[in-house]
Every structure is written in structure tokens, then in C-alpha cells.
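Visitor: Take this structure first; my questions come after.
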Protein chains: 2
Amino acid sequence: MSLDHAATKPHDRLAEALSAEMAEVNALIRTRMASEHAPRIPEVTAHLVEAGGKRLRPMLTLAAAKLCGYDGPYHVHLAATVEFIHTATLLHDDVVDESEQRRGRPTANLLWDNQSSVLVGDYLFARSFQLMVETGNLRVLDILSNAAATIAEGEVLQLTAARNLATTEETYLKVVRGKTAALFSAATEAGAVIADRDETVVTALRDYGDALGIAFQIVDDWLDYGGTSATGKNIGDDFRERKLTLPLIKAVAKADDEERAFWRKTIEKGDQAPSDLHHALDLIHRHGTLAETKSDATRWAERAKQALEEVPAHPLRDMLRDLADYVVARMS
Amino acid sequence: MSLDHAATKPHDRLAEALSAEMAEVNALIRTRMASEHAPRIPEVTAHLVEAGGKRLRPMLTLAAAKLCGYDGPYHVHLAATVEFIHTATLLHDDVVDESEQRRGRPTANLLWDNQSSVLVGDYLFARSFQLMVETGNLRVLDILSNAAATIAEGEVLQLTAARNLATTEETYLKVVRGKTAALFSAATEAGAVIADRDETVVTALRDYGDALGIAFQIVDDWLDYGGTSATGKNIGDDFRERKLTLPLIKAVAKADDEERAFWRKTIEKGDQAPSDLHHALDLIHRHGTLAETKSDATRWAERAKQALEEVPAHPLRDMLRDLADYVVARMS
């Protein structure tokens, strides 16, 4: 199939370039989510895995390994590992957030129950560790088990920071590194390590994943106030769930006494009238914190691209660079 | 301190023989449950870890390694790994079962919330993988990641088998192997593997852990109908929670039409009057299924002791043998 590259999204070009490997990853995921004894497991997993997620994280692993010249079989295992860890965290997140929708479909905790989501998530975590053990590469195991700990730590930190107006940008960055960037950076770093590349390239690809993940999450949080229904987000969900994300943290920092009282009422106490979202958006625009959030995201995307300068020239490297631009382009 | 060995429990004698290593395990657990960013994590973990659990699983690992002549440092890591996996599953179990008490104290999900229990459990799973990766022993990683998958699979199977009168003894055994025996057998097997013992001894210690774990769980299920308040269980909890455990499965298999109607009402439909527990106990006694359950448990304890015959003579081997007797002696 011939594609007009200028017109296709970087994500789709990556998917095209990695299509053979992604087919292997998908086959491996399907095999490993099976359970001889407990048919509930593949039911719940399939609901999420086959819901048309973007498979961004496994593609990062495959791309990193391939542009480092890897020609062994284990980048496929690592890509499936990363997707299993991601799926497990989604299952547990939806229980923790009491979510009812994910990717436009009812969540597993709604279709089955919280119990199934907790236990199937645990199963996928365990399966992900089995997959990475099969690579026989201790350094990769170290990277991925550290990432799993950072993810869980970030989630707990997010839980305890929720509804707390004293949350700083520094805490926000720790949460974002945990919930999003840790798996992005482990995905790219593991790809370079399995390919046995020198430390400069390993560090560069880890830094790329870290900065891309942070940009990705900041954009997600921007879209919750600045997006349109076309971007697939419900404007104001984070406000209604009283989450301290970057646009809000910046607005709270600039609030006068009257505004602080408003944030205390709506975020700390959760006392929200229907018109309060409108007022919150007003305050956010008045202080220019959406624009500031946007430039923060853009700066992280620039850092991601900068990191790639240490990586050998390769068509996949160019696609990763375009991906960083694309992530922030969602905001325009 | 001089102890009259005939009068002390095998568990206490093991604890005495392993006291130096257990002190190291406890110190390692305390270090690794810390979290710089999320103080909620050590709070929740300490509540459970320091509640005076028996530390049976880490002692099995230490005993297996030591009686195999291991003199390196990593049996301590493996013992802490096993205790972290156990603690993580307890946190998630209490969410899944909506439990309010554990070891005579309110559960973490009650003291904090389900969210904290899910996420701190995830953190401990991740920490356990970090600890085992530090051993640098791929075979040990294989054993423990397989155990983690078997545990989660057993929990899901238990969830889907709950309240189902068609549950067979075969399904029960799979659930028990998952929820209890998988970690017991991984604990003993990993101890032998880290000591680099030959396959006969590795297999024998794995089989010991498997059989001991099965005996342990059957006894636990026996006590729920046959115990006294002195054994620390509330008689009838499993009946009230409509769990299909061995004494009940055996009674249902022998039920006439009238009795089946009673089980359908109380277990399948959950329609229980206060006098129904008394009637359930009557049926269980009438069919002799408590006695049968007891002899099943005793048979598994015998198998555990038999497995130890392939293990080199050692005072710790004798303590493990006594431990198997002690586990079933709780029923008399």
C-alpha cells in the first residue's frame, strides 16, 4: 500500500514500518493472555487489549531496538511485556478511579466487577514478568522492574495528592513521571539495551522516552480544559474529578483570595454547581495557564527531539522525532 | 535461651534456628517498603507486615537454602521477595473479599481505602520483582514469576467458582494450589535453586512446599467448620460468604434432593436464616465430610514428609518434617 507520507500521522507511519513485528507482538499477547483454568482472564483482557488502543508503548520498544540494529527475537517479548504492564495499570486505574468508560467503551470493572479487574490486572503483571524473564537479559529485567515500582509509586502519590490544593508543579512532575513517563522511558531504554548499544545511545533513548511521556501526559491534561469533543476527551472531567493537573495547579498558584475560596469549595470540598466549570475555565484563561501548560508540553517535546540527536541516523529515528511533534500538535 | 524442644512448636523452633537471617529479612523488608515520594506506601505496608504474621513463607526459603548448604547472601532477598508477594496478595484479597478484619485487626481497605490497597499491593509486587532481579539468578526469576502468575490465576478461578455448587474437588485443588501452594513451593524450590543443588533435591523441596501448602489450606478450610474460637477462626465464615471449600463440596456431592435444595438456597442464592449454619453443620457431620477433609489434609502432610526423604539430613530438615505434622495437628 502506497502512503502519502506528508499526509499520514507519524503514529501510522511507525505502525506501517513495524507492521511485521507488531503482528508478532499481537500474536504473543493473544497467546499469553490465555488461561487454561480461568476463562475470565482472556475475556477481560481481550475487552481491553482489542479495544483499539494505539499500541504506542510496544511500538516505542520495537522502534528503539530496530534503529539500534537489533536482529534477535526478544524485542517482541519486551514489546508485549510493556503492553501487558500498561494494560494491567489501566485495569487497576479504572478500579481506583471508579471509571465507567475507557476508549469509548464500558470499563471492565463495570462489565464484570472490581474483583475481576484487580485479579486479572495482577495476572497480567505476573505474565509481563514471565515474558521479560524469557529474554534472559538481567539489565532489561532491572529496567522494567524499576519502571513497575515507579509506576505504582506515582499512582499512590497521585492518590494522596488528589484534591490537595497545595500540590506543586514538582509533585505533578513526579506523578507524571510515574504514571506515564516511566513506562515510555523503560520501553525505549529496554529496546536499546536488548540491542546491546553503548551507553550514549541507551541514555539518549531513555531520555527521549522520558521527555516524550511527560509531553504526552501534559498534553492529555491540557486537552481536558483546552480540547474539543473531536479530541476524544470530555472537557472538564479532571475538574469534576477534582484532579490537580498542570493547568489547575498553575491557576491555583496565581489565585487571589476570592479565587482561592472558589478552588477550595470546588476542588477540596467537591461542592460543585453546574456553572462552576465555566468559572474554572474563565480563571484558567484569565491567568493564561493553558498557554503556559502548552509551552511546557512543547518544551518537553523539544527535549525529546534533542535527545534523539545522540541516536544513529535511521528512518525510525526520524519517525520518533515526528512523533514528538505530533504529540504536541494535538493541542492546536 | 534454652528451650525444651518437645514443648515448643515447630514454627517457633524454626524461627529460633533462623533468627539471624530473619532479622536480616525484616531489615530488608523495612528498607524496601519505604517510598521517598509516597509515605502512604510504608504506612499501609507496615500495618500488615508488622501485624505479627507468622513469616512462614520466608522461613521456608531460608530453611531450604540453609539445609542445602547455601552460604551466600541472596536467600535473604528471596525470603523478602516471597513475603512481599504474600503481603501484596493479602492487600488485594481483602479488597476482592471486602474483608474488614485480618489477623485480628481492621484491614487496610477499611483503615485507608480500596484504592490504597490496590496500588500499594502493586507497589509491593514491583518491589518483589526488583528484589529477585538483584539475585541475578534467572532460574529463580523463572520460578517466582511463574508462581506469581499461578497465584493470580488461582484467585480468578476462585472468584468464578464462588457460589457455584458444581465446583468439584479437582477445581478446589487448582484453586488451593494457586492461592496457597504455589507460593509455598516456589519458596522452598527457590531456596534449593539459589544453593545450586541437584535436581533431585530441588524437586523434593518443591514437592514438599506444594504438599505442605495444600495441607495448610485444607486445614484452614476444615477449621472454618470444625475449629473452636481458640483456633482464631469464626466458625461459619466460609458458609456465610458462600465459599465452596472442601467440607462443603464433599457434603454437596452426597446431598439428597432436599439437601440440594438447602444448599441452593443458602449458597447459590445466598438466602440464609440464622439457623441455617447449624443445619449446614448437621449435614456436614451427617455425611462425615469433616472427617474425610481431615484425612485428606493428613495425606498431604504425609506426602510433604515423604518428599523430604530425598533431602540431605540436617536439623532444619527435621524441623520442616515436624512443621508438616504441626500443620495438621491444628485440627485436633
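Lettering and numbering for the C-alpha cells are positional, with chains as A, B, ... in the shown order, residues counted from 1 in each chain, and ligands counted from 1 in the shown order.
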For chain B, which residues have at least one atom within 8 Å of chain A, if we go by only C-alpha atoms? Write them as a PyMOL selection string, please.
Guide: chain B and resi 35+37-38+40-41+92+95-96+114-116+118-120+122-124+126-127+129-130+133-134+136+138+141-142+145-146+148-149+152-157+159-160
Visitor: Please save N, CA, C and O atoms of the selected residues as a compact mmCIF listing (two decimals), in the first residue's frame.
Guide:
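In the end it all went to out_3.txt:
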```
# COMPACT_ATOMS: atom_id res chain seq x y z
N SER B 35 9.20 4.51 50.74
CA SER B 35 9.00 5.22 49.48
C SER B 35 9.28 6.69 49.76
O SER B 35 8.67 7.28 50.64
N HIS B 37 8.71 9.24 47.87
CA HIS B 37 7.69 10.18 47.38
C HIS B 37 6.30 9.94 47.96
O HIS B 37 5.49 10.85 48.00
N ALA B 38 6.00 8.72 48.36
CA ALA B 38 4.62 8.42 48.74
C ALA B 38 4.57 7.75 50.11
O ALA B 38 4.59 6.52 50.22
N ARG B 40 2.29 7.14 52.05
CA ARG B 40 1.17 6.22 52.25
C ARG B 40 1.63 4.76 52.12
O ARG B 40 1.11 3.87 52.79
N ILE B 41 2.62 4.54 51.26
CA ILE B 41 3.05 3.16 50.99
C ILE B 41 3.60 2.47 52.24
O ILE B 41 3.08 1.40 52.62
N HIS B 92 -4.69 -7.28 48.13
CA HIS B 92 -5.67 -7.39 47.04
C HIS B 92 -6.82 -8.32 47.41
O HIS B 92 -7.97 -8.06 47.08
N VAL B 95 -9.45 -6.54 49.38
CA VAL B 95 -10.31 -5.71 48.53
C VAL B 95 -11.34 -6.60 47.82
O VAL B 95 -12.53 -6.30 47.81
N VAL B 96 -10.85 -7.70 47.26
CA VAL B 96 -11.73 -8.58 46.49
C VAL B 96 -12.82 -9.18 47.38
O VAL B 96 -13.98 -9.27 46.99
N ASN B 114 -9.96 1.20 49.39
CA ASN B 114 -9.63 0.17 48.40
C ASN B 114 -8.52 0.64 47.46
O ASN B 114 -7.65 -0.14 47.08
N GLN B 115 -8.59 1.92 47.10
CA GLN B 115 -7.58 2.45 46.18
C GLN B 115 -6.16 2.23 46.71
O GLN B 115 -5.28 1.74 46.00
N SER B 116 -5.95 2.59 47.99
CA SER B 116 -4.61 2.43 48.57
C SER B 116 -4.21 0.97 48.58
O SER B 116 -3.05 0.63 48.30
N VAL B 118 -5.14 -1.47 46.56
CA VAL B 118 -4.81 -1.93 45.21
C VAL B 118 -3.42 -1.42 44.81
O VAL B 118 -2.56 -2.19 44.38
N LEU B 119 -3.19 -0.13 44.99
CA LEU B 119 -1.95 0.48 44.48
C LEU B 119 -0.74 0.10 45.32
O LEU B 119 0.34 -0.13 44.79
N VAL B 120 -0.89 0.03 46.65
CA VAL B 120 0.24 -0.38 47.47
C VAL B 120 0.55 -1.86 47.19
O VAL B 120 1.72 -2.26 47.16
N ASP B 122 0.24 -3.29 44.29
CA ASP B 122 1.01 -3.24 43.04
C ASP B 122 2.46 -2.84 43.31
O ASP B 122 3.39 -3.39 42.71
N TYR B 123 2.63 -1.88 44.20
CA TYR B 123 3.99 -1.43 44.54
C TYR B 123 4.79 -2.58 45.14
O TYR B 123 5.95 -2.81 44.77
N LEU B 124 4.18 -3.35 46.03
CA LEU B 124 4.90 -4.46 46.67
C LEU B 124 5.23 -5.56 45.66
O LEU B 124 6.29 -6.18 45.72
N ALA B 126 5.88 -5.02 42.52
CA ALA B 126 7.01 -4.49 41.75
C ALA B 126 8.30 -4.58 42.58
O ALA B 126 9.35 -4.97 42.07
N ARG B 127 8.20 -4.22 43.87
CA ARG B 127 9.36 -4.31 44.75
C ARG B 127 9.86 -5.75 44.85
O ARG B 127 11.07 -5.99 44.92
N PHE B 129 9.72 -7.98 42.56
CA PHE B 129 10.46 -8.32 41.35
C PHE B 129 11.84 -7.66 41.34
O PHE B 129 12.81 -8.28 40.94
N GLN B 130 11.91 -6.44 41.85
CA GLN B 130 13.23 -5.81 41.95
C GLN B 130 14.16 -6.65 42.82
O GLN B 130 15.31 -6.88 42.49
N VAL B 133 15.31 -9.78 41.05
CA VAL B 133 16.24 -9.47 39.97
C VAL B 133 17.65 -9.27 40.53
O VAL B 133 18.64 -9.66 39.91
N GLU B 134 17.73 -8.71 41.75
CA GLU B 134 19.04 -8.47 42.37
C GLU B 134 19.83 -9.76 42.62
O GLU B 134 21.05 -9.73 42.73
N GLY B 136 20.24 -12.00 40.51
CA GLY B 136 20.94 -12.30 39.27
C GLY B 136 20.80 -13.74 38.82
O GLY B 136 21.52 -14.21 37.94
N LEU B 138 18.62 -16.34 36.96
CA LEU B 138 17.47 -16.38 36.04
C LEU B 138 16.51 -17.52 36.35
O LEU B 138 15.31 -17.41 36.15
N LEU B 141 14.23 -16.42 39.01
CA LEU B 141 13.27 -15.47 38.44
C LEU B 141 12.16 -16.21 37.72
O LEU B 141 10.99 -15.82 37.80
N ASP B 142 12.52 -17.26 37.03
CA ASP B 142 11.54 -18.06 36.31
C ASP B 142 10.56 -18.70 37.30
O ASP B 142 9.34 -18.63 37.13
N SER B 145 8.36 -15.85 38.98
CA SER B 145 7.37 -15.19 38.11
C SER B 145 6.28 -16.18 37.70
O SER B 145 5.11 -15.80 37.58
N ASN B 146 6.64 -17.46 37.55
CA ASN B 146 5.59 -18.47 37.31
C ASN B 146 4.65 -18.57 38.51
O ASN B 146 3.43 -18.69 38.35
N ALA B 148 3.89 -16.25 40.64
CA ALA B 148 3.02 -15.07 40.68
C ALA B 148 1.85 -15.24 39.71
O ALA B 148 0.70 -14.89 40.03
N ALA B 149 2.12 -15.79 38.52
CA ALA B 149 1.04 -16.00 37.55
C ALA B 149 0.06 -17.06 38.05
O ALA B 149 -1.16 -16.91 37.92
N ALA B 152 -2.27 -15.54 40.76
CA ALA B 152 -3.33 -14.69 40.21
C ALA B 152 -4.37 -15.53 39.49
O ALA B 152 -5.58 -15.29 39.61
N GLU B 153 -3.92 -16.55 38.76
CA GLU B 153 -4.85 -17.42 38.04
C GLU B 153 -5.76 -18.15 39.04
O GLU B 153 -6.97 -18.29 38.83
N GLY B 154 -5.17 -18.63 40.14
CA GLY B 154 -5.96 -19.33 41.16
C GLY B 154 -6.99 -18.41 41.79
O GLY B 154 -8.13 -18.83 42.08
N GLU B 155 -6.64 -17.16 41.98
CA GLU B 155 -7.58 -16.20 42.58
C GLU B 155 -8.76 -15.93 41.64
O GLU B 155 -9.90 -15.83 42.08
N VAL B 156 -8.45 -15.80 40.34
CA VAL B 156 -9.53 -15.57 39.37
C VAL B 156 -10.43 -16.81 39.31
O VAL B 156 -11.66 -16.70 39.29
N LEU B 157 -9.80 -17.97 39.31
CA LEU B 157 -10.59 -19.22 39.28
C LEU B 157 -11.49 -19.30 40.50
O LEU B 157 -12.67 -19.67 40.41
N LEU B 159 -12.69 -16.86 42.18
CA LEU B 159 -13.75 -15.86 42.02
C LEU B 159 -14.88 -16.40 41.16
O LEU B 159 -16.07 -16.25 41.48
N THR B 160 -14.51 -17.07 40.05
CA THR B 160 -15.55 -17.54 39.14
C THR B 160 -16.21 -18.82 39.65
O THR B 160 -17.34 -19.13 39.27
```
Visitor: List the spatial neighbours of segment 290-306 of chain A as a PyMOL selection string - criterion: any atom at most 10 Å away, only C-alpha atoms, same-chain residues fewer than 5 positions off excluded.
Guide: chain A and resi 204-223+225-226+245-248+250-251+281+284-285+311+317-318+320-329+331-332
Visitor: Of the residues A:Ala34, A:Leu111, A:Ala20, A:Val44, which is the one nearest to Val76 of chain A, using only C-alpha atoms?
Guide: A:Ala20
Visitor: Taking the DSSP assignment computed from this structure's backbone, write out as a ChimeraX atom specification all residues of segment 66-253 of chain B that belong to helix (DSSP H, G or I).
Guide: /B:66-67,74-96,108-111,114-134,138-161,169-194,199-226,229-231,237-240,246-253
Visitor: Save the residues we just selected, C-alpha atoms, as a CSV table (one decimal), in the first residue's frame?
Guide:
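Okay, again-v9.csv is ready:
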```csv
chain,number,residue,atom,x,y,z
B,66,LYS,CA,20.5,-23.3,54.5
B,67,LEU,CA,19.8,-27.1,54.6
B,74,TYR,CA,20.6,-13.9,48.4
B,75,HIS,CA,18.4,-16.3,50.3
B,76,VAL,CA,17.6,-13.2,52.4
B,77,HIS,CA,16.5,-11.3,49.2
B,78,LEU,CA,14.4,-14.3,48.1
B,79,ALA,CA,12.8,-14.6,51.6
B,80,ALA,CA,11.8,-10.9,51.5
B,81,THR,CA,10.6,-11.4,47.9
B,82,VAL,CA,8.3,-14.2,49.0
B,83,GLU,CA,6.9,-12.1,51.9
B,84,PHE,CA,6.3,-9.1,49.7
B,85,ILE,CA,4.4,-11.2,47.2
B,86,HIS,CA,2.4,-12.7,50.1
B,87,THR,CA,1.6,-9.2,51.5
B,88,ALA,CA,0.6,-7.9,48.1
B,89,THR,CA,-1.9,-10.7,47.6
B,90,LEU,CA,-3.3,-10.2,51.1
B,91,LEU,CA,-3.9,-6.5,50.3
B,92,HIS,CA,-5.7,-7.4,47.0
B,93,ASP,CA,-7.6,-10.3,48.6
B,94,ASP,CA,-9.1,-8.1,51.2
B,95,VAL,CA,-10.3,-5.7,48.5
B,96,VAL,CA,-11.7,-8.6,46.5
B,108,ALA,CA,-6.1,-1.7,55.2
B,109,ASN,CA,-9.0,-1.3,52.8
B,110,LEU,CA,-11.1,-0.4,55.9
B,111,LEU,CA,-8.5,1.8,57.5
B,114,ASN,CA,-9.6,0.2,48.4
B,115,GLN,CA,-7.6,2.5,46.2
B,116,SER,CA,-4.6,2.4,48.6
B,117,SER,CA,-4.8,-1.3,49.0
B,118,VAL,CA,-4.8,-1.9,45.2
B,119,LEU,CA,-2.0,0.5,44.5
B,120,VAL,CA,0.2,-0.4,47.5
B,121,GLY,CA,-0.2,-4.1,46.5
B,122,ASP,CA,1.0,-3.2,43.0
B,123,TYR,CA,4.0,-1.4,44.5
B,124,LEU,CA,4.9,-4.5,46.7
B,125,PHE,CA,4.6,-6.8,43.6
B,126,ALA,CA,7.0,-4.5,41.8
B,127,ARG,CA,9.4,-4.3,44.7
B,128,SER,CA,9.3,-8.1,45.0
B,129,PHE,CA,10.5,-8.3,41.3
B,130,GLN,CA,13.2,-5.8,42.0
B,131,LEU,CA,14.4,-7.9,44.9
B,132,MET,CA,14.5,-11.1,42.9
B,133,VAL,CA,16.2,-9.5,40.0
B,134,GLU,CA,19.0,-8.5,42.4
B,138,LEU,CA,17.5,-16.4,36.0
B,139,ARG,CA,16.2,-19.7,37.2
B,140,VAL,CA,14.9,-18.3,40.4
B,141,LEU,CA,13.3,-15.5,38.4
B,142,ASP,CA,11.5,-18.1,36.3
B,143,ILE,CA,10.3,-19.9,39.4
B,144,LEU,CA,9.0,-16.9,41.1
B,145,SER,CA,7.4,-15.2,38.1
B,146,ASN,CA,5.6,-18.5,37.3
B,147,ALA,CA,4.4,-18.6,40.9
B,148,ALA,CA,3.0,-15.1,40.7
B,149,ALA,CA,1.0,-16.0,37.6
B,150,THR,CA,-0.3,-19.2,39.2
B,151,ILE,CA,-1.4,-17.2,42.3
B,152,ALA,CA,-3.3,-14.7,40.2
B,153,GLU,CA,-4.8,-17.4,38.0
B,154,GLY,CA,-6.0,-19.3,41.2
B,155,GLU,CA,-7.6,-16.2,42.6
B,156,VAL,CA,-9.5,-15.6,39.4
B,157,LEU,CA,-10.6,-19.2,39.3
B,158,GLN,CA,-11.8,-19.0,42.9
B,159,LEU,CA,-13.8,-15.9,42.0
B,160,THR,CA,-15.6,-17.5,39.1
B,161,ALA,CA,-16.1,-20.8,41.1
B,169,GLU,CA,-12.7,-31.3,44.3
B,170,GLU,CA,-10.5,-31.0,41.2
B,171,THR,CA,-11.3,-27.4,40.8
B,172,TYR,CA,-10.9,-26.9,44.6
B,173,LEU,CA,-7.4,-28.4,44.3
B,174,LYS,CA,-6.5,-26.0,41.5
B,175,VAL,CA,-7.7,-23.0,43.5
B,176,VAL,CA,-5.7,-24.2,46.5
B,177,ARG,CA,-2.6,-24.8,44.5
B,178,GLY,CA,-2.9,-21.2,43.2
B,179,LYS,CA,-3.9,-19.3,46.3
B,180,THR,CA,-1.6,-21.1,48.7
B,181,ALA,CA,0.6,-23.9,47.5
B,182,ALA,CA,2.2,-22.0,44.5
B,183,LEU,CA,4.0,-19.6,46.9
B,184,PHE,CA,4.9,-22.3,49.4
B,185,SER,CA,6.5,-24.5,46.7
B,186,ALA,CA,8.2,-21.5,45.0
B,187,ALA,CA,9.6,-20.5,48.4
B,188,THR,CA,11.2,-23.9,49.0
B,189,GLU,CA,12.3,-24.5,45.4
B,190,ALA,CA,13.9,-21.1,45.1
B,191,GLY,CA,15.9,-21.8,48.3
B,192,ALA,CA,17.3,-25.1,46.8
B,193,VAL,CA,18.0,-23.4,43.4
B,194,ILE,CA,19.9,-20.5,44.8
B,199,GLU,CA,17.6,-31.7,40.5
B,200,THR,CA,16.6,-34.5,43.0
B,201,VAL,CA,16.8,-32.1,45.9
B,202,VAL,CA,15.2,-29.2,44.0
B,203,THR,CA,12.3,-31.4,43.1
B,204,ALA,CA,12.0,-32.8,46.6
B,205,LEU,CA,11.9,-29.3,48.2
B,206,ARG,CA,9.4,-28.1,45.6
B,207,ASP,CA,7.1,-31.1,46.3
B,208,TYR,CA,7.4,-30.6,50.0
B,209,GLY,CA,6.3,-26.9,49.6
B,210,ASP,CA,3.4,-27.9,47.3
B,211,ALA,CA,2.1,-30.6,49.6
B,212,LEU,CA,2.6,-28.5,52.8
B,213,GLY,CA,0.7,-25.6,51.2
B,214,ILE,CA,-2.2,-27.8,50.2
B,215,ALA,CA,-2.3,-29.4,53.7
B,216,PHE,CA,-2.2,-25.9,55.2
B,217,GLN,CA,-5.1,-24.6,53.1
B,218,ILE,CA,-7.3,-27.7,53.6
B,219,VAL,CA,-6.7,-27.4,57.4
B,220,ASP,CA,-7.7,-23.8,57.2
B,221,ASP,CA,-10.9,-24.7,55.4
B,222,TRP,CA,-11.5,-27.6,57.9
B,223,LEU,CA,-11.1,-25.2,60.9
B,224,ASP,CA,-13.9,-23.0,59.5
B,225,TYR,CA,-16.4,-25.7,60.3
B,226,GLY,CA,-14.5,-28.0,62.8
B,229,SER,CA,-12.8,-20.0,68.8
B,230,ALA,CA,-9.4,-20.9,70.2
B,231,THR,CA,-8.1,-21.6,66.7
B,237,ASP,CA,-17.4,-17.5,57.9
B,238,ASP,CA,-16.9,-19.5,54.7
B,239,PHE,CA,-20.6,-20.6,54.9
B,240,ARG,CA,-21.8,-17.1,55.3
B,246,LEU,CA,-13.7,-29.0,50.7
B,247,PRO,CA,-16.1,-29.9,53.6
B,248,LEU,CA,-18.9,-28.3,51.7
B,249,ILE,CA,-18.0,-29.7,48.3
B,250,LYS,CA,-18.0,-33.2,49.8
B,251,ALA,CA,-21.4,-32.6,51.5
B,252,VAL,CA,-23.0,-31.2,48.3
B,253,ALA,CA,-21.7,-34.3,46.4
```
Visitor: Tell me, in Å to one decimal, how far atom CA of Thr8 of chain B is from atom CA of Tyr70 of chain B.
Guide: 26.6 Å
Visitor: Enter the distance from atom CA of Ala63 of chain A to atom CA of Ala17 of chain A, in Å, rounded to one decimal.
Guide: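 Atom CA of Ala17 of chain A lies at a distance of 8.8 Å from atom CA of Ala63 of chain A.
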Visitor: Which polymer residues have any atom within 8 Å of an atom of Glu268 of chain A, counting only C-alpha atoms, with same-chain residues fewer than 6 positions away left out, as a PyMOL selection string?
Guide: chain A and resi 163-165+242
